[in-house]
>>> print(open('entry-v2.cif').read())   # mmCIF, C-alpha atoms
data_target
#
loop_
_atom_site.label_atom_id
_atom_site.label_comp_id
_atom_site.auth_asym_id
_atom_site.auth_seq_id
_atom_site.Cartn_x
_atom_site.Cartn_y
_atom_site.Cartn_z
CA MET L 1 80.23 68.85 81.16
CA ASP L 2 83.22 70.77 82.50
CA ASN L 3 83.06 73.00 79.44
CA TYR L 4 79.42 73.83 80.17
CA LEU L 5 80.21 74.64 83.79
CA THR L 6 83.00 76.93 82.63
CA LEU L 7 80.68 78.74 80.22
CA LEU L 8 78.09 79.26 82.97
CA SER L 9 80.59 80.31 85.62
CA PHE L 10 81.13 83.82 86.92
CA GLY L 11 84.28 85.63 85.89
CA ASP L 12 86.26 86.25 82.73
CA GLN L 13 85.79 82.77 81.29
CA GLY L 14 82.07 82.39 81.90
CA TRP L 15 78.83 84.18 81.11
CA GLY L 16 77.31 83.97 84.56
CA ASP L 17 77.84 87.66 85.33
CA GLU L 18 76.19 88.83 82.12
CA ILE L 19 73.22 86.50 82.47
CA ALA L 20 72.71 87.46 86.13
CA TRP L 21 72.66 91.10 85.03
CA GLY L 22 70.07 90.16 82.40
CA VAL L 23 67.87 88.59 85.08
CA LEU L 24 68.14 91.77 87.16
CA ILE L 25 67.17 93.93 84.17
CA THR L 26 64.21 91.67 83.33
CA VAL L 27 62.85 91.72 86.88
CA SER L 28 63.48 95.47 87.24
CA LEU L 29 61.71 96.18 83.96
CA ALA L 30 58.64 94.15 84.94
CA LEU L 31 58.48 95.71 88.42
CA ALA L 32 58.88 99.24 87.01
CA THR L 33 56.17 98.62 84.41
CA LEU L 34 53.61 97.16 86.83
CA PRO L 35 52.65 100.28 88.87
CA VAL L 36 52.60 102.49 85.75
CA GLY L 37 50.39 100.02 83.89
CA LEU L 38 48.08 99.51 86.88
CA PHE L 39 47.62 103.25 87.41
CA ILE L 40 46.88 103.97 83.75
CA GLY L 41 44.62 100.93 83.49
CA PHE L 42 42.66 102.00 86.57
CA MET L 43 42.19 105.52 85.24
CA ILE L 44 41.07 104.19 81.84
CA ALA L 45 38.53 101.94 83.59
CA VAL L 46 37.22 104.92 85.56
CA ALA L 47 36.97 106.93 82.33
CA LYS L 48 34.98 104.14 80.69
CA GLN L 49 32.37 104.46 83.43
CA SER L 50 32.21 108.23 83.20
CA GLU L 51 28.97 109.97 82.31
CA GLU L 52 30.99 112.20 79.97
CA TRP L 53 30.90 110.61 76.51
CA THR L 54 34.21 112.19 75.46
CA LEU L 55 36.04 110.38 78.26
CA ARG L 56 34.36 107.08 77.40
CA THR L 57 35.20 107.49 73.72
CA ALA L 58 38.84 108.40 74.42
CA ALA L 59 39.21 105.39 76.74
CA ASP L 60 37.69 103.07 74.15
CA ILE L 61 40.03 104.39 71.46
CA TYR L 62 43.02 103.92 73.77
CA THR L 63 42.24 100.28 74.55
CA THR L 64 41.37 99.52 70.93
CA ILE L 65 44.71 100.86 69.71
CA PHE L 66 47.02 99.22 72.22
CA ARG L 67 45.18 95.91 72.34
CA GLY L 68 45.18 95.81 68.54
CA LEU L 69 48.82 96.69 67.89
CA PRO L 70 51.48 93.98 68.20
CA GLU L 71 53.58 94.56 71.32
CA LEU L 72 56.81 94.68 69.31
CA LEU L 73 55.40 97.36 67.02
CA THR L 74 54.32 99.40 70.04
CA LEU L 75 57.86 99.12 71.39
CA PHE L 76 59.36 100.33 68.10
CA LEU L 77 56.89 103.22 67.88
CA VAL L 78 57.78 104.36 71.39
CA TYR L 79 61.53 103.89 71.07
CA PHE L 80 62.04 105.33 67.60
CA GLY L 81 58.94 107.48 67.20
CA LEU L 82 59.33 109.24 70.55
CA GLN L 83 62.90 110.22 69.69
CA ILE L 84 61.82 111.65 66.35
CA GLY L 85 58.89 113.46 67.94
CA ILE L 86 61.09 115.11 70.60
CA GLN L 87 63.67 116.12 68.00
CA GLN L 88 61.01 117.70 65.81
CA LEU L 89 59.58 119.52 68.82
CA LEU L 90 62.99 120.89 69.75
CA LYS L 91 63.56 122.06 66.19
CA ALA L 92 60.18 123.80 66.21
CA VAL L 93 61.15 125.85 69.28
CA GLY L 94 64.60 126.60 67.89
CA LEU L 95 66.62 124.06 69.88
CA GLY L 96 68.81 121.57 68.07
CA GLY L 97 70.71 118.45 69.10
CA ALA L 98 70.16 114.72 68.87
CA ILE L 99 67.94 113.08 71.45
CA GLU L 100 68.26 109.41 72.34
CA ILE L 101 65.61 107.69 74.43
CA ASN L 102 66.89 105.34 77.11
CA THR L 103 66.05 101.75 76.17
CA PHE L 104 64.87 100.89 79.69
CA PHE L 105 62.57 103.91 79.76
CA ALA L 106 61.20 103.06 76.31
CA GLY L 107 60.58 99.48 77.42
CA VAL L 108 58.67 100.60 80.52
CA ILE L 109 56.48 103.01 78.54
CA ALA L 110 55.71 100.56 75.72
CA LEU L 111 54.95 97.64 78.01
CA ALA L 112 52.90 99.85 80.32
CA LEU L 113 50.74 101.02 77.42
CA VAL L 114 49.98 97.44 76.42
CA PHE L 115 49.56 96.22 80.00
CA SER L 116 47.22 99.09 80.92
CA SER L 117 44.96 98.50 77.92
CA TYR L 118 44.26 94.95 79.12
CA ALA L 119 44.28 95.87 82.81
CA SER L 120 41.57 98.47 82.17
CA GLU L 121 39.22 95.73 81.00
CA VAL L 122 39.98 93.67 84.12
CA PHE L 123 39.28 96.68 86.33
CA LEU L 124 36.12 97.49 84.38
CA SER L 125 34.77 93.97 84.89
CA ALA L 126 35.61 94.21 88.60
CA PHE L 127 33.80 97.56 88.86
CA ARG L 128 30.71 96.03 87.28
CA ALA L 129 30.83 93.09 89.70
CA ILE L 130 30.46 95.43 92.70
CA PRO L 131 26.77 96.07 93.50
CA LYS L 132 25.60 99.68 93.28
CA GLY L 133 24.32 99.30 96.81
CA GLN L 134 27.93 99.50 98.00
CA TYR L 135 28.16 103.05 96.63
CA GLU L 136 24.73 104.02 97.94
CA GLY L 137 25.56 102.67 101.39
CA GLY L 138 28.70 104.79 101.53
CA TYR L 139 26.83 107.91 100.45
CA ALA L 140 24.10 107.18 103.01
CA LEU L 141 26.78 107.24 105.72
CA GLY L 142 27.74 110.73 104.59
CA LEU L 143 31.01 109.74 102.95
CA ARG L 144 32.30 111.73 100.01
CA ARG L 145 32.79 110.08 96.63
CA GLY L 146 36.58 109.87 97.04
CA ARG L 147 36.28 108.31 100.50
CA VAL L 148 33.72 105.79 99.24
CA MET L 149 36.09 104.81 96.44
CA ARG L 150 39.14 104.46 98.73
CA SER L 151 37.52 102.80 101.72
CA ILE L 152 34.74 100.67 100.20
CA ILE L 153 35.14 100.14 96.47
CA VAL L 154 38.89 99.81 95.90
CA PRO L 155 39.47 97.03 98.51
CA GLN L 156 36.73 94.95 96.88
CA LEU L 157 37.95 95.89 93.42
CA ILE L 158 41.47 94.63 94.07
CA ARG L 159 40.20 91.30 95.43
CA ILE L 160 37.94 90.75 92.42
CA ALA L 161 40.50 91.89 89.85
CA LEU L 162 43.49 90.07 91.34
CA PRO L 163 43.18 86.80 89.35
CA GLY L 164 42.95 88.68 86.05
CA LEU L 165 45.78 91.02 86.97
CA GLY L 166 47.86 88.00 87.98
CA ASN L 167 47.49 86.57 84.49
CA LEU L 168 48.54 89.91 83.02
CA TRP L 169 51.63 89.93 85.28
CA MET L 170 52.66 86.54 83.92
CA ILE L 171 52.23 87.83 80.38
CA LEU L 172 54.22 90.94 81.27
CA ILE L 173 57.19 88.85 82.39
CA LYS L 174 57.23 87.10 79.02
CA ASP L 175 56.77 90.35 77.10
CA THR L 176 59.92 91.80 78.69
CA ALA L 177 61.84 89.59 76.25
CA LEU L 178 60.75 91.96 73.45
CA VAL L 179 63.06 94.70 74.72
CA SER L 180 66.04 92.69 73.48
CA ALA L 181 65.03 93.96 70.02
CA ILE L 182 66.07 97.52 70.97
CA GLY L 183 69.29 96.44 72.67
CA LEU L 184 68.30 96.29 76.35
CA THR L 185 70.42 93.67 78.09
CA ASP L 186 67.68 91.44 79.46
CA ILE L 187 67.76 87.64 79.80
CA LEU L 188 67.06 86.93 76.14
CA ARG L 189 69.59 89.50 74.93
CA GLN L 190 72.38 88.21 77.14
CA THR L 191 71.76 84.54 76.45
CA GLY L 192 71.46 85.31 72.73
CA VAL L 193 74.85 87.03 72.68
CA ALA L 194 76.39 84.15 74.62
CA ALA L 195 74.86 81.61 72.21
CA ARG L 196 76.27 83.42 69.16
CA VAL L 197 79.73 83.86 70.63
CA THR L 198 80.14 80.35 72.02
CA LYS L 199 78.07 78.50 69.36
CA GLU L 200 76.23 76.80 72.23
CA ALA L 201 72.71 77.86 71.34
CA PHE L 202 70.95 74.93 73.06
CA LEU L 203 72.78 75.54 76.33
CA PHE L 204 72.09 79.25 76.63
CA PHE L 205 68.59 79.33 75.21
CA GLY L 206 67.79 76.35 77.43
CA LEU L 207 69.09 78.39 80.35
CA ALA L 208 66.86 81.30 79.29
CA PHE L 209 63.92 78.88 79.27
CA LEU L 210 64.71 77.78 82.82
CA LEU L 211 65.15 81.35 84.07
CA TYR L 212 61.79 82.49 82.69
CA LEU L 213 60.19 79.35 84.11
CA VAL L 214 61.65 80.06 87.55
CA LEU L 215 60.37 83.65 87.43
CA ALA L 216 56.94 82.34 86.44
CA LEU L 217 56.91 79.79 89.27
CA ILE L 218 57.94 82.38 91.86
CA SER L 219 55.27 84.75 90.55
CA SER L 220 52.67 82.00 90.64
CA ILE L 221 53.44 81.22 94.29
CA GLY L 222 53.28 84.90 95.22
CA LEU L 223 50.01 85.45 93.36
CA ASN L 224 48.42 82.41 94.99
CA ARG L 225 49.33 83.76 98.42
CA LEU L 226 47.93 87.18 97.54
CA GLU L 227 44.67 85.63 96.38
CA ALA L 228 44.46 83.55 99.55
CA TYR L 229 45.09 86.68 101.63
CA GLY L 230 42.39 88.55 99.73
CA LYS L 231 39.86 85.77 100.35
CA ARG L 232 40.58 85.40 104.05
CA GLY L 233 37.33 87.17 104.95
CA GLU L 234 35.30 84.82 102.75
CA GLN L 235 36.88 81.80 104.43
CA VAL L 236 35.87 83.10 107.86
CA ARG L 237 32.27 83.58 106.76
#
>>> encode(input="entry-v2.cif", output="structure tokens")
Amino acid sequence: MDNYLTLLSFGDQGWGDEIAWGVLITVSLALATLPVGLFIGFMIAVAKQSEEWTLRTAADIYTTIFRGLPELLTLFLVYFGLQIGIQQLLKAVGLGGAIEINTFFAGVIALALVFSSYASEVFLSAFRAIPKGQYEGGYALGLRRGRVMRSIIVPQLIRIALPGLGNLWMILIKDTALVSAIGLTDILRQTGVAARVTKEAFLFFGLAFLLYLVLALISSIGLNRLEAYGKRGEQVR
């Protein structure tokens, strides 16, 4: 038992510092991915409702690709493929030099692409759940399309889409573990290194299990409160 406490302690003899840093990276990665994924997903959902067939087709192709590809493959394509693409572009314009994509940046982009492809379907379902009379009522009041969207549609959209987006957030937290494959020092990467060095795989992978579970529980509590806040008007009625 004392040996386990030493291994989990902070300082030169323990792995507490490294694992705490891994938790920070995991949470930071998820929080950085969320707004990017939500924005892209919202725009894709808007494009899918467009009267312009080219926008609808492009949005459908986007969601088909990134919902169909394995998340790990998407991560590899972004991390390695983006580097190659930038290097080839620089060569084409006469500029040389090696380009290395930051692993955190690659993780955010890859996870955001996957997250947004699913989020767009959640937003699209929420859009379809809002009666057209809500739009017509806003226009009848003389509001412009942008004002109708901001003041009438989006507040209802968020309330309707929140449960689905909450599920995607929980999936996103788990998907952050994939970035360990490209060397980003998240929870899984740090606990994996500790397990190999100390030969205490059950201890450190068990700790990783508990850390992800704690993050999931905290997220679940926060999401439940957000949903309750969003439904406060319904409860009054």
>>> atom_distance(input="entry-v2.cif", atom1="atom CA of L:Gln49", atom2="atom CA of L:Arg128")
9.4 Å
>>> residues_around(input="entry-v2.cif", residues="L:Val197", least_positions_apart="4", cutoff="12 Å", atoms="all atoms listed in the file", output="VMD selection string")
chain L and resid 7 14 to 15 190 to 193 201 204
>>> closest_atom_pairs(input="entry-v2.cif", of="stretch 98-184 of chain L", to="stretch 76-94 of chain L", cutoff="8 Å", atoms="all atoms listed in the file", output="Markdown table")
| residue | atom | partner | partner_atom | distance |
| --- | --- | --- | --- | --- |
| L:Ala98 | CA | L:Gln87 | CA | 6.7 |
| L:Ile99 | CA | L:Gln83 | CA | 6.1 |
| L:Glu100 | CA | L:Gln83 | CA | 6.0 |
| L:Ile101 | CA | L:Gln83 | CA | 6.0 |
| L:Thr103 | CA | L:Tyr79 | CA | 7.1 |
| L:Ala106 | CA | L:Tyr79 | CA | 5.3 |
| L:Gly107 | CA | L:Tyr79 | CA | 7.8 |
| L:Ile109 | CA | L:Val78 | CA | 7.4 |
| L:Ala110 | CA | L:Val78 | CA | 6.1 |
| L:Ile182 | CA | L:Phe76 | CA | 7.8 |
>>> resolve_selection(input="entry-v2.cif", expression="the PyMOL selection byres ((chain L and resi 151-157) around 12)", output="VMD selection string")
chain L and resid 42 45 to 46 122 to 139 141 143 to 150 158 to 165 230 to 231 233 to 234
>>> resolve_selection(input="entry-v2.cif", expression="the PyMOL selection byres ((chain L and resi 35) around 12)", output="PDB file with C-alpha atoms, keeping the file's coordinate frame")
ATOM      1  CA  SER L  28      63.480  95.470  87.240  1.00  0.00           C
ATOM      2  CA  LEU L  29      61.710  96.180  83.960  1.00  0.00           C
ATOM      3  CA  ALA L  30      58.640  94.150  84.940  1.00  0.00           C
ATOM      4  CA  LEU L  31      58.480  95.710  88.420  1.00  0.00           C
ATOM      5  CA  ALA L  32      58.880  99.240  87.010  1.00  0.00           C
ATOM      6  CA  THR L  33      56.170  98.620  84.410  1.00  0.00           C
ATOM      7  CA  LEU L  34      53.610  97.160  86.830  1.00  0.00           C
ATOM      8  CA  VAL L  36      52.600 102.490  85.750  1.00  0.00           C
ATOM      9  CA  GLY L  37      50.390 100.020  83.890  1.00  0.00           C
ATOM     10  CA  LEU L  38      48.080  99.510  86.880  1.00  0.00           C
ATOM     11  CA  PHE L  39      47.620 103.250  87.410  1.00  0.00           C
ATOM     12  CA  ILE L  40      46.880 103.970  83.750  1.00  0.00           C
ATOM     13  CA  GLY L  41      44.620 100.930  83.490  1.00  0.00           C
ATOM     14  CA  PHE L  42      42.660 102.000  86.570  1.00  0.00           C
ATOM     15  CA  VAL L 108      58.670 100.600  80.520  1.00  0.00           C
ATOM     16  CA  ILE L 109      56.480 103.010  78.540  1.00  0.00           C
ATOM     17  CA  LEU L 111      54.950  97.640  78.010  1.00  0.00           C
ATOM     18  CA  ALA L 112      52.900  99.850  80.320  1.00  0.00           C
ATOM     19  CA  LEU L 113      50.740 101.020  77.420  1.00  0.00           C
ATOM     20  CA  PHE L 115      49.560  96.220  80.000  1.00  0.00           C
ATOM     21  CA  SER L 116      47.220  99.090  80.920  1.00  0.00           C
ATOM     22  CA  ALA L 119      44.280  95.870  82.810  1.00  0.00           C
ATOM     23  CA  LEU L 165      45.780  91.020  86.970  1.00  0.00           C
ATOM     24  CA  TRP L 169      51.630  89.930  85.280  1.00  0.00           C
TER      25      TRP L 169
END
>>> resolve_selection(input="entry-v2.cif", expression="the PyMOL selection byres ((chain L and resi 212) around 10)", output="list in words")
Val23, Thr26, Ile173, Lys174, Ala177, Ile187, Leu188, Leu207, Ala208, Phe209, Leu210, Leu211, Leu213, Val214, Leu215, Ala216, Leu217 and Ile218 of chain L
>>> residues_near_point(input="entry-v2.cif", point="(78.4, 82.2, 83.7)", cutoff="12 Å", atoms="only C-alpha atoms", output="PyMOL selection string")
chain L and resi 3-22+190-191+194+198+203-204+207
>>> atom_distance(input="entry-v2.cif", atom1="atom CA of L:Lys48", atom2="atom CA of L:Val114")
17.0 Å
>>> atom_distance(input="entry-v2.cif", atom1="atom CA of L:Leu72", atom2="atom CA of L:Thr54")
29.2 Å
>>> closest_residue(input="entry-v2.cif", among="L:Gly183, L:Ile61, L:Gly166, L:Leu172", to="L:Asn224", atoms="all atoms listed in the file")
L:Gly166
>>> residues_around(input="entry-v2.cif", residues="L:Arg67", least_positions_apart="4", cutoff="9 Å", atoms="all atoms listed in the file", output="mmCIF file with C-alpha atoms, in the frame of the given file")
data_model
loop_
_atom_site.group_PDB
_atom_site.id
_atom_site.type_symbol
_atom_site.label_atom_id
_atom_site.label_comp_id
_atom_site.auth_asym_id
_atom_site.auth_seq_id
_atom_site.Cartn_x
_atom_site.Cartn_y
_atom_site.Cartn_z
ATOM 1 C CA TYR L 62 43.020 103.920 73.770
ATOM 2 C CA THR L 63 42.240 100.280 74.550
ATOM 3 C CA GLU L 71 53.580 94.560 71.320
ATOM 4 C CA VAL L 114 49.980 97.440 76.420
ATOM 5 C CA PHE L 115 49.560 96.220 80.000
ATOM 6 C CA SER L 117 44.960 98.500 77.920
ATOM 7 C CA TYR L 118 44.260 94.950 79.120
#
>>> decode(input="entry-v2.cif", residues="stretch 38-146 of chain L", atoms="C-alpha atoms", output="PDB file, in the first residue's frame")
ATOM      1  CA  LEU L  38     -20.587  23.560 -32.060  1.00  0.00           C
ATOM      2  CA  PHE L  39     -19.977  26.441 -34.469  1.00  0.00           C
ATOM      3  CA  ILE L  40     -19.162  24.183 -37.425  1.00  0.00           C
ATOM      4  CA  GLY L  41     -22.058  21.866 -36.586  1.00  0.00           C
ATOM      5  CA  PHE L  42     -24.487  24.788 -36.413  1.00  0.00           C
ATOM      6  CA  MET L  43     -23.324  26.144 -39.770  1.00  0.00           C
ATOM      7  CA  ILE L  44     -23.602  22.692 -41.363  1.00  0.00           C
ATOM      8  CA  ALA L  45     -27.162  22.379 -40.017  1.00  0.00           C
ATOM      9  CA  VAL L  46     -28.027  25.794 -41.473  1.00  0.00           C
ATOM     10  CA  ALA L  47     -26.513  24.728 -44.812  1.00  0.00           C
ATOM     11  CA  LYS L  48     -28.621  21.568 -44.823  1.00  0.00           C
ATOM     12  CA  GLN L  49     -31.750  23.717 -44.651  1.00  0.00           C
ATOM     13  CA  SER L  50     -30.612  26.068 -47.376  1.00  0.00           C
ATOM     14  CA  GLU L  51     -32.622  26.445 -50.561  1.00  0.00           C
ATOM     15  CA  GLU L  52     -29.331  26.290 -52.478  1.00  0.00           C
ATOM     16  CA  TRP L  53     -28.760  22.657 -53.472  1.00  0.00           C
ATOM     17  CA  THR L  54     -24.974  23.061 -53.606  1.00  0.00           C
ATOM     18  CA  LEU L  55     -24.871  23.994 -49.918  1.00  0.00           C
ATOM     19  CA  ARG L  56     -27.131  21.083 -48.987  1.00  0.00           C
ATOM     20  CA  THR L  57     -25.014  18.655 -51.014  1.00  0.00           C
ATOM     21  CA  ALA L  58     -21.737  19.931 -49.536  1.00  0.00           C
ATOM     22  CA  ALA L  59     -23.149  19.645 -46.003  1.00  0.00           C
ATOM     23  CA  ASP L  60     -24.371  16.111 -46.652  1.00  0.00           C
ATOM     24  CA  ILE L  61     -20.967  15.097 -48.020  1.00  0.00           C
ATOM     25  CA  TYR L  62     -19.248  16.604 -44.973  1.00  0.00           C
ATOM     26  CA  THR L  63     -21.365  14.711 -42.454  1.00  0.00           C
ATOM     27  CA  THR L  64     -21.164  11.484 -44.449  1.00  0.00           C
ATOM     28  CA  ILE L  65     -17.369  11.612 -44.507  1.00  0.00           C
ATOM     29  CA  PHE L  66     -16.690  12.462 -40.887  1.00  0.00           C
ATOM     30  CA  ARG L  67     -19.422  10.256 -39.455  1.00  0.00           C
ATOM     31  CA  GLY L  68     -18.181   7.378 -41.590  1.00  0.00           C
ATOM     32  CA  LEU L  69     -14.454   7.626 -40.875  1.00  0.00           C
ATOM     33  CA  PRO L  70     -13.063   6.145 -37.650  1.00  0.00           C
ATOM     34  CA  GLU L  71     -12.068   8.922 -35.257  1.00  0.00           C
ATOM     35  CA  LEU L  72      -8.496   7.640 -35.008  1.00  0.00           C
ATOM     36  CA  LEU L  73      -8.119   7.686 -38.791  1.00  0.00           C
ATOM     37  CA  THR L  74      -9.434  11.252 -38.898  1.00  0.00           C
ATOM     38  CA  LEU L  75      -6.839  12.202 -36.284  1.00  0.00           C
ATOM     39  CA  PHE L  76      -4.020  10.625 -38.317  1.00  0.00           C
ATOM     40  CA  LEU L  77      -5.206  12.305 -41.514  1.00  0.00           C
ATOM     41  CA  VAL L  78      -5.237  15.709 -39.832  1.00  0.00           C
ATOM     42  CA  TYR L  79      -1.959  15.300 -37.964  1.00  0.00           C
ATOM     43  CA  PHE L  80       0.128  13.713 -40.711  1.00  0.00           C
ATOM     44  CA  GLY L  81      -1.799  14.734 -43.818  1.00  0.00           C
ATOM     45  CA  LEU L  82      -2.016  18.410 -42.868  1.00  0.00           C
ATOM     46  CA  GLN L  83       1.751  18.570 -42.373  1.00  0.00           C
ATOM     47  CA  ILE L  84       2.376  17.018 -45.772  1.00  0.00           C
ATOM     48  CA  GLY L  85      -0.180  19.296 -47.411  1.00  0.00           C
ATOM     49  CA  ILE L  86       1.401  22.458 -45.952  1.00  0.00           C
ATOM     50  CA  GLN L  87       4.891  21.310 -46.946  1.00  0.00           C
ATOM     51  CA  GLN L  88       3.775  20.639 -50.511  1.00  0.00           C
ATOM     52  CA  LEU L  89       2.078  24.034 -50.644  1.00  0.00           C
ATOM     53  CA  LEU L  90       5.229  25.776 -49.437  1.00  0.00           C
ATOM     54  CA  LYS L  91       7.301  23.942 -52.032  1.00  0.00           C
ATOM     55  CA  ALA L  92       4.863  24.993 -54.741  1.00  0.00           C
ATOM     56  CA  VAL L  93       5.343  28.677 -53.883  1.00  0.00           C
ATOM     57  CA  GLY L  94       9.110  28.288 -53.595  1.00  0.00           C
ATOM     58  CA  LEU L  95       9.413  28.133 -49.805  1.00  0.00           C
ATOM     59  CA  GLY L  96      11.166  25.205 -48.173  1.00  0.00           C
ATOM     60  CA  GLY L  97      11.501  23.958 -44.613  1.00  0.00           C
ATOM     61  CA  ALA L  98       9.900  21.265 -42.500  1.00  0.00           C
ATOM     62  CA  ILE L  99       6.543  21.989 -40.933  1.00  0.00           C
ATOM     63  CA  GLU L 100       5.349  20.203 -37.810  1.00  0.00           C
ATOM     64  CA  ILE L 101       1.744  20.493 -36.669  1.00  0.00           C
ATOM     65  CA  ASN L 102       1.230  20.952 -32.942  1.00  0.00           C
ATOM     66  CA  THR L 103      -0.352  17.816 -31.476  1.00  0.00           C
ATOM     67  CA  PHE L 104      -2.856  19.801 -29.402  1.00  0.00           C
ATOM     68  CA  PHE L 105      -3.951  21.790 -32.446  1.00  0.00           C
ATOM     69  CA  ALA L 106      -4.275  18.615 -34.520  1.00  0.00           C
ATOM     70  CA  GLY L 107      -6.340  17.010 -31.768  1.00  0.00           C
ATOM     71  CA  VAL L 108      -8.713  19.985 -31.596  1.00  0.00           C
ATOM     72  CA  ILE L 109      -9.221  20.050 -35.375  1.00  0.00           C
ATOM     73  CA  ALA L 110      -9.735  16.288 -35.726  1.00  0.00           C
ATOM     74  CA  LEU L 111     -12.118  15.991 -32.792  1.00  0.00           C
ATOM     75  CA  ALA L 112     -14.001  19.114 -33.878  1.00  0.00           C
ATOM     76  CA  LEU L 113     -14.559  17.663 -37.349  1.00  0.00           C
ATOM     77  CA  VAL L 114     -16.047  14.491 -35.884  1.00  0.00           C
ATOM     78  CA  PHE L 115     -18.014  16.314 -33.177  1.00  0.00           C
ATOM     79  CA  SER L 116     -19.479  18.823 -35.645  1.00  0.00           C
ATOM     80  CA  SER L 117     -20.658  16.119 -38.040  1.00  0.00           C
ATOM     81  CA  TYR L 118     -22.817  14.608 -35.288  1.00  0.00           C
ATOM     82  CA  ALA L 119     -23.753  17.954 -33.751  1.00  0.00           C
ATOM     83  CA  SER L 120     -25.102  19.123 -37.116  1.00  0.00           C
ATOM     84  CA  GLU L 121     -27.669  16.320 -37.049  1.00  0.00           C
ATOM     85  CA  VAL L 122     -28.697  17.284 -33.509  1.00  0.00           C
ATOM     86  CA  PHE L 123     -29.101  20.913 -34.563  1.00  0.00           C
ATOM     87  CA  LEU L 124     -30.980  19.889 -37.698  1.00  0.00           C
ATOM     88  CA  SER L 125     -33.477  17.858 -35.665  1.00  0.00           C
ATOM     89  CA  ALA L 126     -33.904  20.802 -33.285  1.00  0.00           C
ATOM     90  CA  PHE L 127     -34.522  23.163 -36.216  1.00  0.00           C
ATOM     91  CA  ARG L 128     -37.221  20.852 -37.538  1.00  0.00           C
ATOM     92  CA  ALA L 129     -38.864  20.683 -34.104  1.00  0.00           C
ATOM     93  CA  ILE L 130     -39.448  24.451 -34.096  1.00  0.00           C
ATOM     94  CA  PRO L 131     -42.786  25.337 -35.764  1.00  0.00           C
ATOM     95  CA  LYS L 132     -42.588  27.551 -38.854  1.00  0.00           C
ATOM     96  CA  GLY L 133     -45.032  29.860 -37.134  1.00  0.00           C
ATOM     97  CA  GLN L 134     -42.165  31.013 -34.911  1.00  0.00           C
ATOM     98  CA  TYR L 135     -40.366  32.387 -37.970  1.00  0.00           C
ATOM     99  CA  GLU L 136     -43.535  33.876 -39.448  1.00  0.00           C
ATOM    100  CA  GLY L 137     -44.394  35.560 -36.161  1.00  0.00           C
ATOM    101  CA  GLY L 138     -40.983  37.206 -36.038  1.00  0.00           C
ATOM    102  CA  TYR L 139     -41.268  38.423 -39.622  1.00  0.00           C
ATOM    103  CA  ALA L 140     -44.783  39.724 -38.907  1.00  0.00           C
ATOM    104  CA  LEU L 141     -43.301  41.878 -36.138  1.00  0.00           C
ATOM    105  CA  GLY L 142     -40.952  43.420 -38.678  1.00  0.00           C
ATOM    106  CA  LEU L 143     -37.821  41.669 -37.456  1.00  0.00           C
ATOM    107  CA  ARG L 144     -35.054  40.872 -39.904  1.00  0.00           C
ATOM    108  CA  ARG L 145     -34.018  37.278 -40.541  1.00  0.00           C
ATOM    109  CA  GLY L 146     -30.864  37.588 -38.407  1.00  0.00           C
TER     110      GLY L 146
END
